[in-house]
$ cat protein-v6.cif   # mmCIF, C-alpha atoms
data_my_file
loop_
_atom_site.label_atom_id
_atom_site.label_comp_id
_atom_site.auth_asym_id
_atom_site.auth_seq_id
_atom_site.Cartn_x
_atom_site.Cartn_y
_atom_site.Cartn_z
CA MET A 1414 -28.94 32.64 -10.65
CA LYS A 1415 -26.67 30.32 -8.67
CA ARG A 1416 -29.60 29.11 -6.58
CA THR A 1417 -31.66 28.47 -9.70
CA PHE A 1418 -28.99 26.26 -11.25
CA TYR A 1419 -28.42 24.16 -8.13
CA ALA A 1420 -32.18 23.85 -7.56
CA ILE A 1421 -32.62 22.48 -11.10
CA LEU A 1422 -29.66 20.14 -10.66
CA THR A 1423 -31.04 18.85 -7.32
CA ILE A 1424 -34.47 18.19 -8.83
CA ALA A 1425 -32.83 16.35 -11.73
CA LEU A 1426 -30.77 14.22 -9.33
CA LEU A 1427 -33.90 13.25 -7.39
CA ALA A 1428 -35.82 12.49 -10.56
CA THR A 1429 -33.12 10.32 -12.12
CA SER A 1430 -32.55 8.39 -8.88
CA LEU A 1431 -36.05 6.89 -9.10
CA ASP A 1432 -35.79 3.39 -10.64
CA ALA A 1433 -32.31 4.30 -11.93
CA ILE A 1434 -29.38 1.93 -12.10
CA THR A 1435 -26.55 2.94 -9.78
CA LEU A 1436 -22.80 2.74 -10.27
CA ASP A 1437 -22.70 -0.18 -7.82
CA ASP A 1438 -25.33 -1.98 -9.93
CA LEU A 1439 -23.28 -1.39 -13.07
CA GLN A 1440 -20.13 -2.83 -11.50
CA ARG A 1441 -21.83 -5.91 -10.05
CA THR A 1442 -23.62 -6.57 -13.35
CA ALA A 1443 -20.37 -6.25 -15.30
CA VAL A 1444 -18.70 -8.83 -13.05
CA MET A 1445 -21.53 -11.30 -13.71
CA GLU A 1446 -22.50 -10.53 -17.31
CA ASN A 1447 -19.42 -9.28 -19.20
CA PRO A 1448 -18.61 -11.99 -21.79
CA ARG A 1449 -14.87 -11.37 -21.69
CA LEU A 1450 -14.75 -11.84 -17.93
CA ARG A 1451 -16.78 -15.03 -18.18
CA ALA A 1452 -14.41 -16.34 -20.86
CA MET A 1453 -11.38 -15.58 -18.68
CA ALA A 1454 -13.05 -17.23 -15.69
CA ALA A 1455 -13.36 -20.37 -17.84
CA GLU A 1456 -9.64 -20.09 -18.67
CA VAL A 1457 -8.84 -20.03 -14.95
CA LYS A 1458 -10.86 -23.21 -14.48
CA MET A 1459 -9.09 -24.87 -17.42
CA ALA A 1460 -5.69 -23.93 -16.02
CA LYS A 1461 -6.61 -25.52 -12.68
CA LEU A 1462 -7.72 -28.74 -14.38
CA ARG A 1463 -4.56 -28.74 -16.51
CA ALA A 1464 -2.40 -28.44 -13.41
CA SER A 1465 -4.11 -31.38 -11.71
CA SER A 1466 -4.06 -33.62 -14.79
CA LYS A 1467 -0.50 -33.12 -15.97
CA SER A 1468 1.34 -33.31 -12.65
CA SER A 1469 0.95 -37.10 -12.29
CA PRO A 1470 3.65 -39.63 -13.35
CA GLU A 1471 3.66 -41.05 -16.86
CA GLU A 1472 1.25 -43.85 -17.60
CA PRO A 1473 2.68 -47.39 -17.39
CA LYS A 1474 3.06 -49.41 -20.61
CA LEU A 1475 1.59 -52.88 -21.03
CA LYS A 1476 3.38 -55.29 -23.36
CA LEU A 1477 1.73 -58.28 -25.04
CA SER A 1478 3.88 -60.23 -27.47
CA LEU A 1479 4.30 -63.58 -29.25
CA ASN A 1480 8.03 -64.34 -29.32
CA ASN A 1481 10.14 -66.55 -31.61
CA LEU A 1482 7.31 -68.16 -33.59
CA SER A 1483 8.57 -70.45 -36.34
CA VAL A 1484 7.73 -69.39 -39.85
CA ASP A 1485 7.80 -72.95 -41.23
CA ASN A 1486 5.71 -74.43 -38.41
CA PRO A 1487 3.79 -71.65 -36.57
CA SER A 1488 3.03 -73.52 -33.37
CA LEU A 1489 3.69 -72.78 -29.72
CA THR A 1490 5.37 -76.19 -29.31
CA SER A 1491 7.44 -76.42 -32.45
CA GLU A 1492 10.33 -74.35 -31.14
CA ASP A 1493 11.89 -74.31 -27.69
CA MET A 1494 12.09 -70.48 -27.58
CA THR A 1495 8.49 -69.77 -28.63
CA SER A 1496 6.53 -68.02 -25.87
CA LEU A 1497 3.67 -65.76 -25.05
CA GLU A 1498 4.80 -62.70 -23.10
CA ILE A 1499 2.98 -60.16 -20.98
CA GLY A 1500 4.88 -57.32 -19.38
CA ILE A 1501 4.52 -53.94 -17.73
CA PHE A 1502 6.91 -50.99 -17.91
CA GLN A 1503 7.00 -47.80 -15.89
CA MET A 1504 9.10 -44.70 -16.50
CA LEU A 1505 10.46 -43.32 -13.23
CA THR A 1506 11.05 -39.58 -13.45
CA LEU A 1507 13.72 -38.97 -10.82
CA TRP A 1508 15.54 -36.03 -9.24
CA GLY A 1509 12.34 -34.14 -8.36
CA LYS A 1510 11.35 -33.42 -11.96
CA ILE A 1511 7.69 -34.25 -11.41
CA GLY A 1512 7.54 -31.90 -8.43
CA LEU A 1513 9.08 -29.11 -10.48
CA ARG A 1514 6.63 -29.66 -13.32
CA GLU A 1515 3.75 -29.59 -10.86
CA ARG A 1516 5.11 -26.38 -9.35
CA ILE A 1517 5.26 -24.79 -12.82
CA LEU A 1518 1.68 -25.81 -13.64
CA LEU A 1519 0.36 -24.51 -10.33
CA ALA A 1520 2.22 -21.24 -10.86
CA GLN A 1521 0.71 -20.97 -14.34
CA HIS A 1522 -2.72 -21.43 -12.76
CA ARG A 1523 -1.98 -18.58 -10.32
CA LEU A 1524 -0.75 -16.49 -13.25
CA THR A 1525 -4.07 -17.04 -15.03
CA ILE A 1526 -5.90 -15.95 -11.87
CA GLU A 1527 -3.89 -12.71 -11.68
CA ARG A 1528 -4.48 -11.97 -15.36
CA PHE A 1529 -8.19 -12.55 -14.85
CA ARG A 1530 -8.12 -10.22 -11.84
CA GLN A 1531 -6.27 -7.59 -13.86
CA GLU A 1532 -8.84 -7.79 -16.66
CA LYS A 1533 -11.69 -7.53 -14.15
CA ILE A 1534 -10.12 -4.47 -12.50
CA GLU A 1535 -9.51 -2.85 -15.89
CA ILE A 1536 -13.08 -3.45 -17.10
CA LEU A 1537 -14.56 -2.14 -13.83
CA HIS A 1538 -12.37 0.96 -14.07
CA ARG A 1539 -13.64 1.49 -17.62
CA VAL A 1540 -17.22 1.06 -16.39
CA ARG A 1541 -16.68 3.70 -13.71
CA SER A 1542 -14.92 6.08 -16.12
CA SER A 1543 -17.73 5.72 -18.66
CA ALA A 1544 -20.35 6.33 -15.95
CA TYR A 1545 -18.45 9.40 -14.72
CA ASN A 1546 -18.23 10.76 -18.25
CA LEU A 1547 -21.94 10.13 -18.76
CA GLN A 1548 -22.65 11.99 -15.52
CA TYR A 1549 -20.53 14.91 -16.73
CA LEU A 1550 -22.43 15.03 -20.03
CA MET A 1551 -25.82 14.87 -18.26
CA SER A 1552 -24.84 17.62 -15.80
CA PHE A 1553 -23.49 19.81 -18.59
CA ARG A 1554 -26.74 19.26 -20.49
CA LEU A 1555 -28.71 20.53 -17.47
CA LEU A 1556 -26.34 23.49 -17.23
CA LEU A 1557 -26.92 24.40 -20.88
CA ASP A 1558 -30.68 24.25 -20.36
CA ASP A 1559 -30.36 26.65 -17.42
CA ILE A 1560 -28.10 29.01 -19.37
CA LYS A 1561 -30.54 28.97 -22.29
CA LYS A 1562 -33.35 30.12 -20.00
CA GLN A 1563 -31.23 32.96 -18.66
CA LEU A 1564 -30.06 33.92 -22.14
CA LYS A 1565 -33.62 33.93 -23.43
CA LEU A 1566 -34.64 36.40 -20.73
CA VAL A 1567 -31.66 38.62 -21.60
CA ILE A 1568 -32.54 38.51 -25.32
CA SER A 1569 -36.15 39.43 -24.59
CA SER A 1570 -34.94 42.44 -22.63
CA GLY A 1571 -32.65 43.41 -25.51
CA VAL A 1572 -35.47 43.15 -28.05
CA MET A 1573 -37.69 45.39 -25.94
CA ALA A 1574 -34.86 47.89 -25.51
CA SER A 1575 -34.19 47.99 -29.25
CA LYS A 1576 -37.87 48.63 -29.94
CA VAL A 1577 -37.92 51.71 -27.72
CA GLY A 1578 -34.62 52.91 -29.15
CA THR A 1579 -32.43 52.30 -26.10
CA GLY A 1580 -30.82 49.07 -27.33
CA SER A 1581 -28.84 47.77 -30.27
CA LEU A 1582 -30.43 45.39 -32.74
CA SER A 1583 -27.03 44.05 -33.81
CA ALA A 1584 -26.31 43.07 -30.20
CA VAL A 1585 -29.58 41.16 -30.06
CA ILE A 1586 -28.65 39.35 -33.27
CA LYS A 1587 -25.31 38.38 -31.75
CA ALA A 1588 -27.10 37.11 -28.65
CA ASN A 1589 -29.36 35.00 -30.84
CA VAL A 1590 -26.26 33.51 -32.45
CA GLU A 1591 -24.99 32.59 -28.97
CA TYR A 1592 -28.38 31.01 -28.25
CA ALA A 1593 -28.17 28.96 -31.47
CA MET A 1594 -24.61 27.85 -30.61
CA ILE A 1595 -25.91 26.48 -27.31
CA ASP A 1596 -28.50 24.48 -29.27
CA GLU A 1597 -25.65 23.14 -31.41
CA GLU A 1598 -23.74 22.15 -28.27
CA ILE A 1599 -26.83 20.38 -26.94
CA LEU A 1600 -27.13 18.33 -30.13
CA LYS A 1601 -23.49 17.25 -29.75
CA LEU A 1602 -24.04 16.39 -26.08
CA ASP A 1603 -27.10 14.28 -26.86
CA GLN A 1604 -25.08 12.27 -29.39
CA GLN A 1605 -22.19 11.87 -26.96
CA MET A 1606 -24.58 10.65 -24.26
CA ARG A 1607 -26.05 8.06 -26.63
CA GLU A 1608 -22.55 6.85 -27.51
CA GLU A 1609 -21.48 6.72 -23.84
CA ARG A 1610 -24.56 4.68 -22.93
CA LYS A 1611 -23.71 2.23 -25.72
CA THR A 1612 -20.17 1.95 -24.33
CA LEU A 1613 -21.60 1.20 -20.89
CA HIS A 1614 -23.96 -1.40 -22.38
CA TYR A 1615 -20.95 -3.12 -23.99
CA LEU A 1616 -18.83 -3.06 -20.84
CA VAL A 1617 -21.63 -4.21 -18.54
CA GLY A 1618 -22.65 -6.99 -20.92
CA LYS A 1619 -26.36 -6.14 -21.08
CA ASP A 1620 -28.75 -3.32 -21.88
CA PHE A 1621 -29.72 -1.53 -18.65
CA GLY A 1622 -31.75 1.29 -20.23
CA ASP A 1623 -31.01 5.01 -20.23
CA ASN A 1624 -31.78 5.93 -16.63
CA VAL A 1625 -28.45 6.09 -14.80
CA ASP A 1626 -28.25 7.41 -11.24
CA LEU A 1627 -26.06 10.51 -10.93
CA GLN A 1628 -23.38 10.27 -8.27
CA PRO A 1629 -23.27 12.78 -5.40
CA GLU A 1630 -20.39 15.19 -5.07
CA PRO A 1631 -17.18 13.34 -4.09
CA ASN A 1632 -15.46 13.88 -0.76
CA PHE A 1633 -12.26 15.00 -2.49
CA LEU A 1634 -9.86 12.93 -0.42
CA GLU A 1635 -6.12 13.27 -0.91
CA PRO A 1636 -4.50 9.81 -0.65
CA ASP A 1637 -1.20 9.17 1.10
CA ALA A 1638 1.47 8.30 -1.48
CA VAL A 1639 3.42 5.98 0.84
CA GLU A 1640 0.32 3.96 1.74
CA VAL A 1641 -0.80 3.77 -1.89
CA LYS A 1642 2.57 2.42 -3.01
CA ARG A 1643 2.66 -0.09 -0.16
CA ILE A 1644 -0.76 -1.49 -1.06
CA ALA A 1645 0.00 -1.50 -4.79
CA ALA A 1646 3.26 -3.39 -4.21
CA VAL A 1647 1.25 -6.18 -2.55
CA SER A 1648 -2.06 -6.17 -4.42
CA ASN A 1649 -1.44 -4.91 -7.95
CA PRO A 1650 -2.28 -7.86 -10.26
CA GLU A 1651 0.21 -6.91 -12.99
CA LEU A 1652 3.05 -6.84 -10.48
CA ALA A 1653 1.83 -10.13 -8.98
CA ALA A 1654 1.75 -11.65 -12.48
CA ALA A 1655 5.30 -10.45 -13.13
CA ARG A 1656 6.48 -12.06 -9.88
CA ILE A 1657 4.75 -15.34 -10.77
CA THR A 1658 6.36 -15.23 -14.22
CA ARG A 1659 9.73 -14.87 -12.49
CA GLU A 1660 8.86 -17.82 -10.25
CA ILE A 1661 7.99 -19.92 -13.31
CA ALA A 1662 11.28 -18.94 -14.97
CA GLU A 1663 13.23 -20.01 -11.87
CA SER A 1664 11.44 -23.38 -11.76
CA GLU A 1665 11.97 -23.95 -15.48
CA LEU A 1666 15.68 -23.18 -15.08
CA LEU A 1667 15.96 -25.70 -12.25
CA LEU A 1668 14.01 -28.28 -14.28
CA LYS A 1669 16.32 -27.91 -17.28
CA LYS A 1670 19.32 -28.41 -15.00
CA ARG A 1671 17.73 -31.59 -13.58
CA GLU A 1672 17.34 -32.94 -17.11
CA TYR A 1673 21.11 -33.47 -17.19
CA PHE A 1674 20.39 -36.47 -14.95
CA PRO A 1675 18.88 -39.53 -16.66
CA ASP A 1676 15.47 -41.06 -16.03
CA VAL A 1677 14.97 -44.79 -15.48
CA GLU A 1678 12.37 -47.10 -16.97
CA LEU A 1679 11.68 -50.32 -15.05
CA GLY A 1680 10.01 -53.36 -16.64
CA PHE A 1681 8.82 -56.79 -15.68
CA SER A 1682 7.45 -59.47 -17.98
CA TYR A 1683 6.17 -63.03 -17.71
CA MET A 1684 6.73 -65.51 -20.59
CA TYR A 1685 4.46 -68.52 -20.96
CA ARG A 1686 5.86 -71.53 -22.83
CA LYS A 1687 3.55 -74.40 -23.74
CA ASN A 1688 4.75 -77.95 -23.08
CA SER A 1689 5.30 -80.18 -26.09
CA VAL A 1690 4.58 -83.91 -26.25
CA ASP A 1691 8.11 -84.96 -25.39
CA MET A 1692 9.37 -81.88 -23.48
CA ARG A 1693 8.28 -79.84 -20.53
CA ARG A 1694 8.96 -76.13 -20.95
CA SER A 1695 9.25 -73.89 -17.91
CA ASP A 1696 7.72 -70.44 -17.89
CA MET A 1697 10.16 -67.52 -17.66
CA VAL A 1698 10.25 -64.05 -16.14
CA SER A 1699 12.30 -61.03 -17.11
CA ALA A 1700 13.16 -57.82 -15.32
CA MET A 1701 14.91 -54.86 -16.87
CA ALA A 1702 15.96 -51.29 -16.29
CA THR A 1703 16.43 -48.78 -19.10
CA ILE A 1704 18.32 -45.54 -18.52
CA SER A 1705 17.93 -42.53 -20.82
CA VAL A 1706 21.41 -41.08 -21.14
CA PRO A 1707 21.61 -37.42 -22.29
CA VAL A 1708 24.48 -38.05 -24.69
CA TRP A 1709 23.76 -34.97 -26.77
CA PHE A 1710 23.60 -32.63 -23.79
CA TRP A 1711 25.85 -29.97 -25.38
CA LYS A 1712 23.43 -29.65 -28.32
CA LYS A 1713 20.17 -30.03 -26.42
CA ASN A 1714 20.43 -29.49 -22.67
CA MET A 1715 23.08 -26.78 -22.49
CA PRO A 1716 21.34 -24.36 -24.91
CA MET A 1717 18.05 -24.84 -23.06
CA VAL A 1718 19.73 -24.12 -19.72
CA ASP A 1719 21.29 -20.95 -21.18
CA GLU A 1720 17.86 -19.94 -22.51
CA MET A 1721 16.33 -20.42 -19.06
CA PHE A 1722 19.09 -18.31 -17.48
CA ALA A 1723 18.28 -15.51 -19.94
CA ARG A 1724 14.54 -15.88 -19.32
CA ASP A 1725 15.03 -15.74 -15.56
CA ALA A 1726 17.13 -12.58 -15.83
CA ALA A 1727 14.54 -10.99 -18.14
CA ALA A 1728 11.73 -11.90 -15.73
CA MET A 1729 13.66 -10.32 -12.85
CA ASP A 1730 14.12 -7.10 -14.82
CA LEU A 1731 10.43 -7.06 -15.75
CA VAL A 1732 9.44 -7.32 -12.08
CA ARG A 1733 11.71 -4.39 -11.26
CA ASP A 1734 10.38 -2.41 -14.24
CA LYS A 1735 6.74 -3.02 -13.32
CA SER A 1736 7.42 -1.99 -9.71
CA ASN A 1737 9.04 1.25 -10.88
CA GLU A 1738 6.16 1.88 -13.30
CA ILE A 1739 3.56 1.45 -10.57
CA GLU A 1740 5.39 3.81 -8.21
CA ALA A 1741 5.73 6.44 -10.94
CA ARG A 1742 2.11 6.05 -11.99
CA ALA A 1743 0.95 6.38 -8.38
CA ASP A 1744 2.82 9.70 -8.03
CA ILE A 1745 1.32 10.97 -11.30
CA ILE A 1746 -2.26 10.02 -10.37
CA ILE A 1747 -1.94 11.49 -6.87
CA GLY A 1748 -0.71 14.72 -8.47
CA GLN A 1749 -3.74 14.72 -10.80
CA ILE A 1750 -6.08 14.15 -7.84
CA LYS A 1751 -4.53 17.05 -5.94
CA ARG A 1752 -4.75 19.34 -9.00
CA THR A 1753 -8.40 18.54 -9.81
CA LYS A 1754 -9.36 18.92 -6.13
CA GLU A 1755 -7.79 22.37 -5.97
CA LEU A 1756 -9.35 23.36 -9.31
CA PHE A 1757 -12.80 22.27 -8.16
CA HIS A 1758 -12.64 24.33 -4.97
CA LEU A 1759 -11.11 27.26 -6.85
CA TYR A 1760 -13.95 27.37 -9.38
CA ARG A 1761 -16.74 26.74 -6.87
CA GLY A 1762 -15.38 28.89 -4.06
CA ARG A 1763 -13.96 31.90 -5.91
CA ILE A 1764 -14.20 32.07 -9.70
CA ILE A 1765 -17.88 31.14 -10.20
CA PRO A 1766 -19.24 33.30 -7.32
CA GLN A 1767 -17.25 36.28 -8.60
CA THR A 1768 -18.43 35.65 -12.18
CA GLU A 1769 -22.05 35.38 -11.01
CA LEU A 1770 -21.67 38.63 -9.08
CA SER A 1771 -20.15 40.31 -12.14
CA LEU A 1772 -23.01 39.05 -14.33
CA GLU A 1773 -25.65 40.26 -11.88
CA THR A 1774 -23.95 43.66 -11.83
CA SER A 1775 -23.91 43.81 -15.63
CA ILE A 1776 -27.60 42.89 -15.79
CA ALA A 1777 -28.49 45.56 -13.21
CA ARG A 1778 -26.46 48.21 -15.06
CA TYR A 1779 -28.03 47.23 -18.38
CA ARG A 1780 -31.55 47.54 -16.94
CA THR A 1781 -30.78 51.02 -15.64
CA GLY A 1782 -29.32 52.04 -19.00
CA SER A 1783 -25.76 52.52 -17.76
CA GLY A 1784 -24.40 49.22 -19.13
CA GLU A 1785 -23.98 47.57 -22.52
CA PHE A 1786 -26.01 44.62 -23.70
CA MET A 1787 -22.94 42.66 -24.91
CA SER A 1788 -21.32 42.86 -21.49
CA VAL A 1789 -24.27 40.79 -20.21
CA ILE A 1790 -23.82 38.26 -23.03
CA ASP A 1791 -20.08 38.04 -22.27
CA GLY A 1792 -20.90 37.46 -18.60
CA VAL A 1793 -23.28 34.61 -19.48
CA ARG A 1794 -20.63 33.08 -21.76
CA MET A 1795 -17.95 33.26 -19.04
CA LEU A 1796 -20.29 31.76 -16.44
CA LEU A 1797 -21.04 28.86 -18.77
CA ARG A 1798 -17.36 28.26 -19.36
CA PHE A 1799 -16.41 28.26 -15.67
CA LYS A 1800 -19.31 26.00 -14.65
CA LYS A 1801 -18.28 23.61 -17.40
CA GLU A 1802 -14.72 23.62 -16.02
CA LEU A 1803 -16.15 22.88 -12.57
CA LEU A 1804 -17.96 19.82 -13.90
CA MET A 1805 -14.83 18.77 -15.81
CA ALA A 1806 -12.68 19.02 -12.66
CA GLU A 1807 -15.13 16.81 -10.78
CA LYS A 1808 -15.14 14.22 -13.58
CA GLU A 1809 -11.33 14.15 -13.80
CA TYR A 1810 -11.08 13.74 -10.02
CA ARG A 1811 -13.44 10.76 -10.10
CA MET A 1812 -11.55 9.13 -12.98
CA SER A 1813 -8.16 9.65 -11.33
CA TYR A 1814 -9.48 8.29 -8.04
CA SER A 1815 -10.85 5.23 -9.84
CA GLU A 1816 -7.54 4.66 -11.66
CA LEU A 1817 -5.60 4.97 -8.41
CA HIS A 1818 -7.68 2.29 -6.73
CA ALA A 1819 -7.37 0.08 -9.81
CA LEU A 1820 -3.60 0.52 -9.49
CA MET A 1821 -3.92 -0.66 -5.88
CA GLY A 1822 -5.69 -3.84 -7.03
CA ARG A 1823 -9.16 -2.90 -5.83
CA GLU A 1824 -12.08 -4.05 -7.92
CA VAL A 1825 -15.47 -2.57 -7.03
CA LEU A 1826 -15.65 0.96 -5.65
CA PRO A 1827 -18.76 2.52 -4.06
#
$ encode --input "protein-v6.cif" --output "structure tokens"
Amino acid sequence: MKRTFYAILTIALLATSLDAITLDDLQRTAVMENPRLRAMAAEVKMAKLRASSKSSPEEPKLKLSLNNLSVDNPSLTSEDMTSLEIGIFQMLTLWGKIGLRERILLAQHRLTIERFRQEKIEILHRVRSSAYNLQYLMSFRLLLDDIKKQLKLVISSGVMASKVGTGSLSAVIKANVEYAMIDEEILKLDQQMREERKTLHYLVGKDFGDNVDLQPEPNFLEPDAVEVKRIAAVSNPELAAARITREIAESELLLKKREYFPDVELGFSYMYRKNSVDMRRSDMVSAMATISVPVWFWKKNMPMVDEMFARDAAAMDLVRDKSNEIEARADIIIGQIKRTKELFHLYRGRIIPQTELSLETSIARYRTGSGEFMSVIDGVRMLLRFKKELLMAEKEYRMSYSELHALMGREVLP
């Protein structure tokens, strides 16, 4: 019975691997085709362009004016003070304010990159989880088909026994109910597989068909908690984004403090004065400096500085909170990996072989007339349950392993 199930499963694996899309194909396609990822990649590009365009000094101002023109006699020679003026003015942002603004914009660009990386890692983890769940459903479907064949043979034996008077017709009816319940479970599984494929189509960004390659049995590694936390502290995109947010808050605080100091606007202008018939008028030049004085600093600057202090403190606490969350989550996931690994080996190494042996014994006793028909049905039911738990343990291990590597900032997994 055990050999029959694994033979069927092996043949199914070989059949589905022909022209089937693999998990690696799904991940690579999602990176290229997922619309959300492409939209976020465009946001990263926009943030880079924004940083390069807004870090330059303010544009100079050009002044063109006609000064002191007489209303009664609008002529360039009627009045001594009438002139044509052209000037240029430039605001000088001092005290390193431009550098701080550029630092903030560049940090915001890096923040966009980390958020894009986090979204990519999350989507790829969802792709893997959906593929693992689809594999579980497909394997369980094969298991139900195998159990149905075994149950059909048992029912046939029960019918023959009831005809010769050595069996119970009511037991056969109960067995037929079990057979019908398996058909009901298969209908549910088929619907769940259709839904899971639609979820994969959405995540990947395109329709890849229904033929998905089943993954081989995992190696059931047990990761080192210290190493996992070390890598996550460096590579986790959410933690990196929190640190960049703290960096932005520090730069904004420093910028608000620098705004206590005034900026200076320098200007130069040339005034042309046209000579009259009886007077020669000299051209004139002007130079000026305008200082913006923060007179209302207690109403404007001081509250903004206090706000930046509060934002910086909040950003620092968020970095600490995210670091603690990642460490706690790593411990939880590693515990789940250890539990599912032990469960898998427990079911495959002890519980299922003992259940199969018990079922074979019940079948042998029933055929010799020393056993009950329902004990065989109960054995089939228990074997189905434990094999389902085996498949579930494998799926949960894969999902936990995928989540752990997503926590460590890794994108595509083999």
$ residues_around --input "protein-v6.cif" --residues "segment 1495-1499 of chain A" --least-positions-apart "5" --cutoff "6 Å" --atoms "only C-alpha atoms" --output "number ranges by chain"
A: 1476-1482, 1489, 1682-1686
$ resolve_selection --input "protein-v6.cif" --expression "the PyMOL selection byres ((chain A and resi 1518-1523) around 7)" --output "NGL selection string"
:A and (1457 or 1460-1461 or 1464 or 1514-1517 or 1524-1527 or 1657 or 1661)
$ atom_distance --input "protein-v6.cif" --atom1 "atom CA of Glu1672 of chain A" --atom2 "atom CA of Pro1470 of chain A"
15.7 Å
$ resolve_selection --input "protein-v6.cif" --expression "the PyMOL selection byres ((chain A and resi 1718) around 9)" --output "number ranges by chain"
A: 1665-1670, 1713-1717, 1719-1723
$ atom_distance --input "protein-v6.cif" --atom1 "atom CA of Ser1552 of chain A" --atom2 "atom CA of Glu1807 of chain A"
11.0 Å
$ closest_residue --input "protein-v6.cif" --among "A:Tyr1549, A:Phe1799, A:Phe1674, A:Tyr1814" --to "Asn1632 of chain A" --atoms "all atoms listed in the file"
A:Tyr1814
$ closest_residue --input "protein-v6.cif" --among "A:Ala1645, A:Ile1704, A:Met1795, A:Ala1433" --to "Asn1737 of chain A" --atoms "only C-alpha atoms"
A:Ala1645
$ resolve_selection --input "protein-v6.cif" --expression "the PyMOL selection byres ((chain A and resi 1642) around 10)" --output "ChimeraX atom specification"
/A:1637-1641,1643-1649,1736,1739-1744,1820-1821
$ residues_around --input "protein-v6.cif" --residues "Asp1596 of chain A" --least-positions-apart "3" --cutoff "12 Å" --atoms "all atoms listed in the file" --output "number ranges by chain"
A: 1554, 1557-1558, 1560-1562, 1564, 1589-1593, 1599-1603
$ closest_residue --input "protein-v6.cif" --among "A:Met1573, A:Leu1759, A:Leu1547, A:Ala1726" --to "Leu1436 of chain A" --atoms "only C-alpha atoms"
A:Leu1547
$ axis_aligned_box --input "protein-v6.cif" --around "segment 1799-1809 of chain A" --padding-each-side "4 Å" --output "JSON"
{"center_x": -15.3, "center_y": 21.2, "center_z": -14.1, "size_x": 16.0, "size_y": 22.1, "size_z": 14.6}
$ residues_around --input "protein-v6.cif" --residues "Ala1819 of chain A" --least-positions-apart "4" --cutoff "7 Å" --atoms "all atoms listed in the file" --output "list of chain:residue names"
A:Ile1534, A:His1538, A:Ser1815, A:Arg1823, A:Glu1824
$ residues_around --input "protein-v6.cif" --residues "Gly1784 of chain A" --least-positions-apart "5" --cutoff "7 Å" --atoms "only C-alpha atoms" --output "ChimeraX atom specification"
/A:1775,1778-1779
$ write_last_selection --input "protein-v6.cif" --atoms "C-alpha atoms" --output "short mmCIF file (atom, residue, chain, number, x, y, z; two decimals), in the coordinates of the input"
data_model
loop_
_atom_site.label_atom_id
_atom_site.label_comp_id
_atom_site.auth_asym_id
_atom_site.auth_seq_id
_atom_site.Cartn_x
_atom_site.Cartn_y
_atom_site.Cartn_z
CA SER A 1775 -23.91 43.81 -15.63
CA ARG A 1778 -26.46 48.21 -15.06
CA TYR A 1779 -28.03 47.23 -18.38
#
$ closest_residue --input "protein-v6.cif" --among "A:Met1787, A:Met1504, A:Leu1550, A:Val1617" --to "Pro1448 of chain A" --atoms "only C-alpha atoms"
A:Val1617
$ closest_residue --input "protein-v6.cif" --among "A:Arg1451, A:Lys1801, A:Arg1794, A:Lys1510" --to "Met1594 of chain A" --atoms "all atoms listed in the file"
A:Arg1794
$ residues_near_point --input "protein-v6.cif" --point "(-14.6, 23.0, -11.9)" --cutoff "12 Å" --atoms "all atoms listed in the file" --output "count of residues only"
32
$ decode --input "protein-v6.cif" --residues "segment 1561-1570 of chain A" --atoms "N, CA and C atoms" --output "PDB file, in the first residue's frame"
ATOM      1  N   LYS A1561      -9.159   6.172  -2.603  1.00  0.00           N
ATOM      2  CA  LYS A1561     -10.409   5.728  -3.221  1.00  0.00           C
ATOM      3  C   LYS A1561     -10.250   4.344  -3.847  1.00  0.00           C
ATOM      4  N   LYS A1562      -9.120   4.113  -4.509  1.00  0.00           N
ATOM      5  CA  LYS A1562      -8.890   2.806  -5.122  1.00  0.00           C
ATOM      6  C   LYS A1562      -8.838   1.713  -4.061  1.00  0.00           C
ATOM      7  N   GLN A1563      -8.138   1.998  -2.966  1.00  0.00           N
ATOM      8  CA  GLN A1563      -8.051   1.008  -1.901  1.00  0.00           C
ATOM      9  C   GLN A1563      -9.414   0.768  -1.257  1.00  0.00           C
ATOM     10  N   LEU A1564     -10.163   1.859  -1.054  1.00  0.00           N
ATOM     11  CA  LEU A1564     -11.481   1.743  -0.428  1.00  0.00           C
ATOM     12  C   LEU A1564     -12.455   0.989  -1.332  1.00  0.00           C
ATOM     13  N   LYS A1565     -12.309   1.180  -2.630  1.00  0.00           N
ATOM     14  CA  LYS A1565     -13.187   0.478  -3.560  1.00  0.00           C
ATOM     15  C   LYS A1565     -12.947  -1.028  -3.501  1.00  0.00           C
ATOM     16  N   LEU A1566     -11.685  -1.427  -3.386  1.00  0.00           N
ATOM     17  CA  LEU A1566     -11.381  -2.850  -3.261  1.00  0.00           C
ATOM     18  C   LEU A1566     -11.965  -3.431  -1.969  1.00  0.00           C
ATOM     19  N   VAL A1567     -11.852  -2.640  -0.873  1.00  0.00           N
ATOM     20  CA  VAL A1567     -12.386  -3.095   0.407  1.00  0.00           C
ATOM     21  C   VAL A1567     -13.905  -3.230   0.340  1.00  0.00           C
ATOM     22  N   ILE A1568     -14.569  -2.271  -0.314  1.00  0.00           N
ATOM     23  CA  ILE A1568     -16.029  -2.328  -0.433  1.00  0.00           C
ATOM     24  C   ILE A1568     -16.461  -3.529  -1.265  1.00  0.00           C
ATOM     25  N   SER A1569     -15.728  -3.785  -2.330  1.00  0.00           N
ATOM     26  CA  SER A1569     -16.054  -4.964  -3.167  1.00  0.00           C
ATOM     27  C   SER A1569     -15.959  -6.255  -2.350  1.00  0.00           C
ATOM     28  N   SER A1570     -14.922  -6.329  -1.516  1.00  0.00           N
ATOM     29  CA  SER A1570     -14.795  -7.510  -0.651  1.00  0.00           C
ATOM     30  C   SER A1570     -15.951  -7.597   0.330  1.00  0.00           C
TER      31      SER A1570
END
